[in-house]
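Participant: First the structure, which I've put down as structure tokens, then a few questions once you've had a look.
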Amino acid sequence: MGLRLTRGRAQLELALESDVVDASADRTLYVDALRVQGPSDLAVRTNTPHDRVMSCDPELESDPRACAQEVLTAFAPRAWGRPVEPSENDRRLEVFDMVIADGDPPRLAMDYALRAVLSSPYFVMLVAPAPEADGRSPVADDFTLASRLSYLLWSSTPDDELFGLAERGALSHPDVLGAQVERMLRSPKASALAEDFAGQWLLGRAVDRAGPDSLIYPQFNESVRASMKESMRLTFLDRLRAATPVTGLLLSTHMHVDGALAPLIGIDLAPFAPFADQDVSAAGRYGWLSMPGLLTVTSVPTRTSPVRRGAWVLSNLMCTSPGTPPPGVSGFPDASPDAATVRERLEQHRQDPACAACHDPIDPLGLALENFDGIGAWRDQDNGEPIDASGQLPNGTAVDGAADLAHVLGSDPSFGRCVVKKLFTYTHGRAPDDADRARLNLLTDGALAGQASFSDILVRLVTDDAFMQVGVER
Amino acid sequence: MTVSRRMFLGGAAGLIALPLLPSLLPRAARAADDAPGRLMFMFAPNGANMAQWRPTGFGRDFAFGPTLSQLEDIRDDVLVISGLSNPVADALVTGHHLRGTSTMLTSTHLGTSVVSNGESADQLAARTLGATTPFRSLELAVEPSGPAIGTCEGGLPCVYGQHVAWTADGVPLPGLSGPRNTFNLLFGGSDALLTATENQRRKRYRLSVLDRGADQATALSQRAAVEDRVRLDQYLTAVRTVETRIDALEACVGLGAAPGDAPLEELADVLLDLAVLAFQCDRTRVVTMMLGAATSELVYTFLGVRTPHHSLSHHQRLPDNLAKLALIDTFQAGRFTRLVRKLKDVPEGGGTMLDHTLLMMSSDVSDGDLHNHDDMPVLVAGHLANAMGGGRHLDGTGETLAHLCTSMLQAGGVPITSFGEAAAGPLTGFAG
């Protein structure tokens, strides 16, 4: 007997409705076996990439070729980011036919047909249609725009909504674009920005290559490394989506921490506690400069490196080049009774005018972070002597410690301008050149620089001509 | 036949017991005097403790220093050269490590505002030696090429520190550092579980798939802007390269499973063993290997050294640092030594593989503290074309790495008379 069951638990009961037939006998039901078979003609739909693409199974269909056509017709436009002519699909179907004709199974034929879609230049590269002789074809440009947008924010192909907007030619309106940016940043796929953009800019990807000395930093292990990376990813996503200005990257007192990272941060969590957004101000942590991952990557295996940290802050947060060391520079002096701390061993940078020229802007930035050791844990002493995290920037501003540094950098307009420049570079795949100067100035215009959120900047970048007119002669 | 990682690391029994090997080689390579010639170029970062590296005495009557004494029993297969320089890496400004690395095989001045370099010796060799092999050349690296973005030492682009192999178009070729990926790339083309006819059919399908992509690219190219055509050309070149590989995947099928990850102390050897296997299967005839990237900070804990390599190479003449540096130098030279022994152990065409190979190893600088580029540490081994006279310590003063490249390329049958920006001719005294 056939049964229609809904998803979930079902209780099956086999019983005689009445065990009395007539007064002389009663019936007893002996159940030998209860066998439930199925499902019959049930399409099991999961959400794996395979199932999203394979809307039918050519192995099971009576007309495998029709199934192949159905799959290709749906998949090719998504892979290539544009509508696909039937004749183009026919060419891929020919591969399917060839495999079938050779006697190989339909699933293998489907495999090779799909490979043909994915090895096409239209998938491997972003192809914007050349302008027609009579000018642009707006609908075609919208598809290019959709791909540019989705690969920028998601590192992936456009979804249904973007594709639909492109099909209707509605995407290139600034309001629509702005709304899409907001939507896409809230999607989990925006993690791509954390991994690809912040991963490069804010050194998330470099954590894999860090090698702290295991004897000096026994608390560092692969689990801690993984947590450092994940903390950077989650924390950046929060900053990215926040409606607050980008200075939050430097000033936020919140960080994503799990049980493995908690001891390094200096807060109390159960050993295997999952990641959660934590207030870390009590632990003296403010913003990205106090992220253990960053602090580890900007150290050397055996100690902190204020020069590396300072140079990184200068070039990546202020977009100022730190300069290059002159030839014949000797290595970092060993610790001695006179120079026990890292700070003291860098003394020559301050005493020798030839060194000071470059190191005066660099060293104070790194020295302010000296309370964070080579794996980002807080310390009050270096080699037995108290940490001195004070210094003076070339413009006379005094800094003392990480919190101070974060506030000084956050109130410097260079930071906002630098963030715009980094986002521009990531968006366009090139550093801004002279022709972009006017464009950039608009983006970083005075008040805007200090007040814009990541989302604000991205919307402006994406609605700018330089982004929208790819595919047309510049 | 499965090949375990232990077998890959070899041992006294030579590379791997592949009893069918001669029949697996492409027919062209099987004639006794017709074995293909091969060239290998190895890079060891951060220079060396030259006092312990340098042999004493020139000519045949020389004595190895401590670092190279491991070569004693194969001294006739090896040529140690002292005094060669790499003048293009010299600079009044900094960037010695990056310059020395990128120019080791190009001997051409690097671009500073844009990334530009000459064609490296291995790539030039690949034009001749790689014309018929599935892989024009093979690039290997112990340290994976990191993101080649941003600037590094001396404000130079980081990409200069991660590549010794540069194409004629100025494209740096990254090295493979994962044993599994390298194996699958070289040998994974055909499925060991399928029959020969099944594999043949798969080949046709793959070629057919590529065909369609190439058609689209060609059509696009016809209405593309000039700069786009370059990109489409690269795509089409990639397609043709893969087609050639698919076509050529006859030899060495069914080698079994790929080797797994290896720790630092074994990684170079595993990769070099794959290179030798690639030679045996004629997948390629040109290999470059980087034992580390420029300014490599690899930590050789298994040697009892806890200071990162580059930091250590700034020894400041302290005896402890110099001693530890010599340990690393010995290890690096040890990879070269082991490779030479391995090649010597594999019979080929009336001799051994070493008879048909020429390999060299050098560095980006000579002394890691001075960052000088004269008196480079240089090792050469192999008897390809009997071009190199082994068993000697050669004084190369006055000549450059480019001269060495010229001699090696000529030994490989590359039709050149000079190499590098300064058009250096063959190395004086190379043959003995």
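Chain labels run A, B, ... following the order of the structure tokens; each chain numbers its residues from 1, and ligands are numbered from 1 in the order shown.
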Select all residues from chain B having any atom no more than 6 Å from an atom of chain A (counting only C-alpha atoms, ignoring ligands), output as a list in words.

Facilitator: Thr94, Gly154, Val209, Gly213 and His314 of chain B

Participant: Would you save the residues from that selection as a PDB file, in the first residue's frame, using all heavy atoms?

Facilitator:
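Result file follows (selection-v6.pdb):
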ATOM      1  N   THR B  94      69.821  48.914  -2.047  1.00  0.00           N
ATOM      2  CA  THR B  94      69.618  47.584  -1.461  1.00  0.00           C
ATOM      3  C   THR B  94      68.798  46.699  -2.392  1.00  0.00           C
ATOM      4  O   THR B  94      68.505  47.052  -3.514  1.00  0.00           O
ATOM      5  CB  THR B  94      68.881  47.681  -0.122  1.00  0.00           C
ATOM      6  OG1 THR B  94      67.676  48.394  -0.350  1.00  0.00           O
ATOM      7  CG2 THR B  94      69.724  48.389   0.894  1.00  0.00           C
ATOM      8  N   GLY B 154      64.406  46.387  -0.218  1.00  0.00           N
ATOM      9  CA  GLY B 154      64.870  47.439  -1.113  1.00  0.00           C
ATOM     10  C   GLY B 154      63.776  48.073  -1.941  1.00  0.00           C
ATOM     11  O   GLY B 154      64.044  48.697  -2.951  1.00  0.00           O
ATOM     12  N   VAL B 209      36.628  18.816 -25.509  1.00  0.00           N
ATOM     13  CA  VAL B 209      36.241  19.900 -24.600  1.00  0.00           C
ATOM     14  C   VAL B 209      37.124  21.121 -24.850  1.00  0.00           C
ATOM     15  O   VAL B 209      36.648  22.252 -24.964  1.00  0.00           O
ATOM     16  CB  VAL B 209      36.363  19.432 -23.129  1.00  0.00           C
ATOM     17  CG1 VAL B 209      36.401  20.621 -22.182  1.00  0.00           C
ATOM     18  CG2 VAL B 209      35.214  18.511 -22.770  1.00  0.00           C
ATOM     19  N   GLY B 213      36.495  25.388 -26.304  1.00  0.00           N
ATOM     20  CA  GLY B 213      37.001  26.591 -25.659  1.00  0.00           C
ATOM     21  C   GLY B 213      37.889  27.376 -26.606  1.00  0.00           C
ATOM     22  O   GLY B 213      37.789  28.610 -26.696  1.00  0.00           O
ATOM     23  N   HIS B 314      73.100  36.736   8.402  1.00  0.00           N
ATOM     24  CA  HIS B 314      73.739  37.992   8.840  1.00  0.00           C
ATOM     25  C   HIS B 314      74.554  37.686  10.079  1.00  0.00           C
ATOM     26  O   HIS B 314      74.250  38.137  11.178  1.00  0.00           O
ATOM     27  CB  HIS B 314      72.657  39.048   9.124  1.00  0.00           C
ATOM     28  CG  HIS B 314      72.143  39.672   7.871  1.00  0.00           C
ATOM     29  ND1 HIS B 314      72.723  40.784   7.311  1.00  0.00           N
ATOM     30  CD2 HIS B 314      71.119  39.327   7.057  1.00  0.00           C
ATOM     31  CE1 HIS B 314      72.073  41.096   6.201  1.00  0.00           C
ATOM     32  NE2 HIS B 314      71.102  40.235   6.016  1.00  0.00           N
TER      33      HIS B 314
END

Participant: For Gly284 in chain A, work out the shell of residues within 9 Å, counting only C-alpha atoms and skipping chain neighbours fewer than 5 positions away, then give it as a ChimeraX atom specification.

Facilitator: /A:253,265-266,290,378,402-403

Participant: So that I can check the surroundings of range 155-166 of chain B, please list as a PyMOL selection string every protein, DNA and RNA residue that reaches within 6 Å of it, counting only C-alpha atoms and ignoring chain neighbours fewer than 3 positions away.

Facilitator: chain B and resi 98+101-102+119-120+145+148+150-152+170-173+293-294

Participant: Just all heavy atoms for this one: save the residues we selected as a short mmCIF file (atom, residue, chain, number, x, y, z; two decimals), in the first residue's frame.

Facilitator:
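Produced file result_12.cif, reproduced below:
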data_model
loop_
_atom_site.label_atom_id
_atom_site.label_comp_id
_atom_site.auth_asym_id
_atom_site.auth_seq_id
_atom_site.Cartn_x
_atom_site.Cartn_y
_atom_site.Cartn_z
N LEU B 98 66.84 39.94 -3.41
CA LEU B 98 65.86 39.82 -4.49
C LEU B 98 66.53 39.86 -5.85
O LEU B 98 66.23 39.06 -6.74
CB LEU B 98 64.82 40.94 -4.37
CG LEU B 98 63.52 40.56 -3.67
CD1 LEU B 98 63.79 40.05 -2.27
CD2 LEU B 98 62.57 41.74 -3.62
N THR B 101 68.43 36.65 -6.59
CA THR B 101 67.57 35.51 -6.87
C THR B 101 67.05 35.56 -8.29
O THR B 101 67.21 34.62 -9.07
CB THR B 101 66.39 35.51 -5.89
OG1 THR B 101 66.88 35.54 -4.55
CG2 THR B 101 65.51 34.30 -6.09
N SER B 102 66.42 36.67 -8.64
CA SER B 102 65.78 36.76 -9.95
C SER B 102 66.75 36.78 -11.10
O SER B 102 66.37 36.46 -12.22
CB SER B 102 64.92 38.03 -10.01
OG SER B 102 63.62 37.73 -9.66
N GLU B 119 64.89 36.54 -20.10
CA GLU B 119 64.48 35.15 -20.12
C GLU B 119 65.52 34.33 -19.38
O GLU B 119 66.72 34.47 -19.60
CB GLU B 119 64.36 34.66 -21.57
CG GLU B 119 63.84 33.24 -21.70
CD GLU B 119 63.79 32.76 -23.14
OE1 GLU B 119 64.60 33.25 -23.95
OE2 GLU B 119 62.94 31.89 -23.45
N SER B 120 65.07 33.46 -18.48
CA SER B 120 66.03 32.69 -17.69
C SER B 120 66.58 31.52 -18.51
O SER B 120 65.95 31.06 -19.47
CB SER B 120 65.36 32.18 -16.41
OG SER B 120 64.22 31.42 -16.71
N SER B 145 55.59 29.78 -3.39
CA SER B 145 55.63 31.19 -3.77
C SER B 145 54.49 31.89 -3.07
O SER B 145 53.33 31.60 -3.30
CB SER B 145 55.46 31.35 -5.28
OG SER B 145 56.47 30.66 -5.96
N ALA B 148 52.59 37.26 -4.63
CA ALA B 148 53.61 38.11 -5.22
C ALA B 148 53.10 39.53 -5.33
O ALA B 148 53.12 40.14 -6.39
CB ALA B 148 53.99 37.56 -6.60
N GLY B 150 52.94 43.53 -3.60
CA GLY B 150 53.61 44.45 -2.70
C GLY B 150 55.11 44.49 -2.92
O GLY B 150 55.65 43.85 -3.81
N THR B 151 55.76 45.30 -2.09
CA THR B 151 57.20 45.46 -2.24
C THR B 151 57.91 44.81 -1.07
O THR B 151 57.38 44.73 0.04
CB THR B 151 57.59 46.95 -2.29
OG1 THR B 151 57.05 47.59 -1.13
CG2 THR B 151 57.04 47.61 -3.53
N CYS B 152 59.09 44.34 -1.33
CA CYS B 152 59.90 43.69 -0.30
C CYS B 152 61.23 44.40 -0.19
O CYS B 152 61.31 45.61 -0.35
CB CYS B 152 60.06 42.21 -0.64
SG CYS B 152 58.59 41.24 -0.31
N GLY B 170 58.57 37.83 -19.77
CA GLY B 170 58.69 38.47 -18.47
C GLY B 170 57.72 37.93 -17.44
O GLY B 170 57.44 38.59 -16.44
N VAL B 171 57.22 36.71 -17.65
CA VAL B 171 56.31 36.10 -16.69
C VAL B 171 57.10 35.20 -15.76
O VAL B 171 57.77 34.28 -16.21
CB VAL B 171 55.24 35.26 -17.42
CG1 VAL B 171 54.35 34.55 -16.42
CG2 VAL B 171 54.41 36.14 -18.35
N PRO B 172 57.03 35.44 -14.43
CA PRO B 172 57.73 34.55 -13.50
C PRO B 172 56.96 33.27 -13.32
O PRO B 172 55.73 33.29 -13.24
CB PRO B 172 57.77 35.37 -12.21
CG PRO B 172 56.59 36.27 -12.29
CD PRO B 172 56.34 36.54 -13.74
N LEU B 173 57.66 32.14 -13.26
CA LEU B 173 56.98 30.86 -13.13
C LEU B 173 57.07 30.36 -11.70
O LEU B 173 58.15 30.10 -11.19
CB LEU B 173 57.61 29.83 -14.08
CG LEU B 173 57.50 30.20 -15.56
CD1 LEU B 173 58.26 29.20 -16.41
CD2 LEU B 173 56.04 30.24 -15.98
N ALA B 293 62.92 30.61 -0.70
CA ALA B 293 62.75 31.87 -1.42
C ALA B 293 63.85 32.83 -0.99
O ALA B 293 64.58 32.55 -0.05
CB ALA B 293 61.37 32.44 -1.13
N ALA B 294 63.95 33.97 -1.63
CA ALA B 294 64.94 34.97 -1.23
C ALA B 294 64.68 35.40 0.21
O ALA B 294 63.52 35.46 0.63
CB ALA B 294 64.87 36.18 -2.15
#

Participant: Can you tell me, as a list in words, which residues in range 106-227 of chain B count as strand (DSSP E) by DSSP?

Facilitator: Leu138, Glu139, Leu140 and Ala141 of chain B

Participant: Go ahead and compute the interatomic distance for CA of Gln69 in chain A and CA of Cys56 in chain A, in Å to one decimal.

Facilitator: 10.3 Å

Participant: With only C-alpha atoms as the counted atoms, please give the residues lying no more than 10 Å from Ser156 in chain A, apart from itself and same-chain residues fewer than 3 positions off, as a list in words.

Facilitator: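 In the requested form, the answer reads Ala79, Ser147, Arg148, Leu149, Ser150, Tyr151, Leu152, Leu153, Asp159, Lys189, Ala190 and Ala192 of chain A.
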
Participant: Could you write out that same residue set with N, CA and C atoms as an mmCIF file, in the first residue's frame?

Facilitator:
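selection09.cif was written with the following content:
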data_model
loop_
_atom_site.group_PDB
_atom_site.id
_atom_site.type_symbol
_atom_site.label_atom_id
_atom_site.label_comp_id
_atom_site.auth_asym_id
_atom_site.auth_seq_id
_atom_site.Cartn_x
_atom_site.Cartn_y
_atom_site.Cartn_z
ATOM 1 N N ALA A 79 27.281 30.297 -15.523
ATOM 2 C CA ALA A 79 28.742 30.189 -15.529
ATOM 3 C C ALA A 79 29.359 31.326 -16.324
ATOM 4 N N SER A 147 28.413 40.670 -13.090
ATOM 5 C CA SER A 147 29.563 39.810 -12.803
ATOM 6 C C SER A 147 30.638 40.571 -12.040
ATOM 7 N N ARG A 148 30.919 41.783 -12.500
ATOM 8 C CA ARG A 148 31.944 42.575 -11.801
ATOM 9 C C ARG A 148 31.566 42.755 -10.342
ATOM 10 N N LEU A 149 30.301 43.044 -10.122
ATOM 11 C CA LEU A 149 29.829 43.284 -8.769
ATOM 12 C C LEU A 149 29.927 42.022 -7.921
ATOM 13 N N SER A 150 29.478 40.908 -8.467
ATOM 14 C CA SER A 150 29.462 39.701 -7.645
ATOM 15 C C SER A 150 30.873 39.149 -7.432
ATOM 16 N N TYR A 151 31.755 39.313 -8.427
ATOM 17 C CA TYR A 151 33.111 38.845 -8.196
ATOM 18 C C TYR A 151 33.876 39.773 -7.256
ATOM 19 N N LEU A 152 33.462 41.039 -7.219
ATOM 20 C CA LEU A 152 34.095 41.969 -6.279
ATOM 21 C C LEU A 152 33.707 41.633 -4.850
ATOM 22 N N LEU A 153 32.404 41.482 -4.618
ATOM 23 C CA LEU A 153 31.945 41.343 -3.241
ATOM 24 C C LEU A 153 31.867 39.891 -2.770
ATOM 25 N N ASP A 159 23.998 35.952 -8.423
ATOM 26 C CA ASP A 159 22.908 35.073 -8.010
ATOM 27 C C ASP A 159 21.652 35.411 -8.820
ATOM 28 N N LYS A 189 28.092 35.211 1.688
ATOM 29 C CA LYS A 189 29.102 35.171 0.639
ATOM 30 C C LYS A 189 30.079 36.331 0.723
ATOM 31 N N ALA A 190 29.699 37.371 1.499
ATOM 32 C CA ALA A 190 30.614 38.506 1.651
ATOM 33 C C ALA A 190 31.869 38.110 2.413
ATOM 34 N N ALA A 192 33.946 36.415 1.336
ATOM 35 C CA ALA A 192 35.016 36.490 0.337
ATOM 36 C C ALA A 192 35.836 37.766 0.503
#
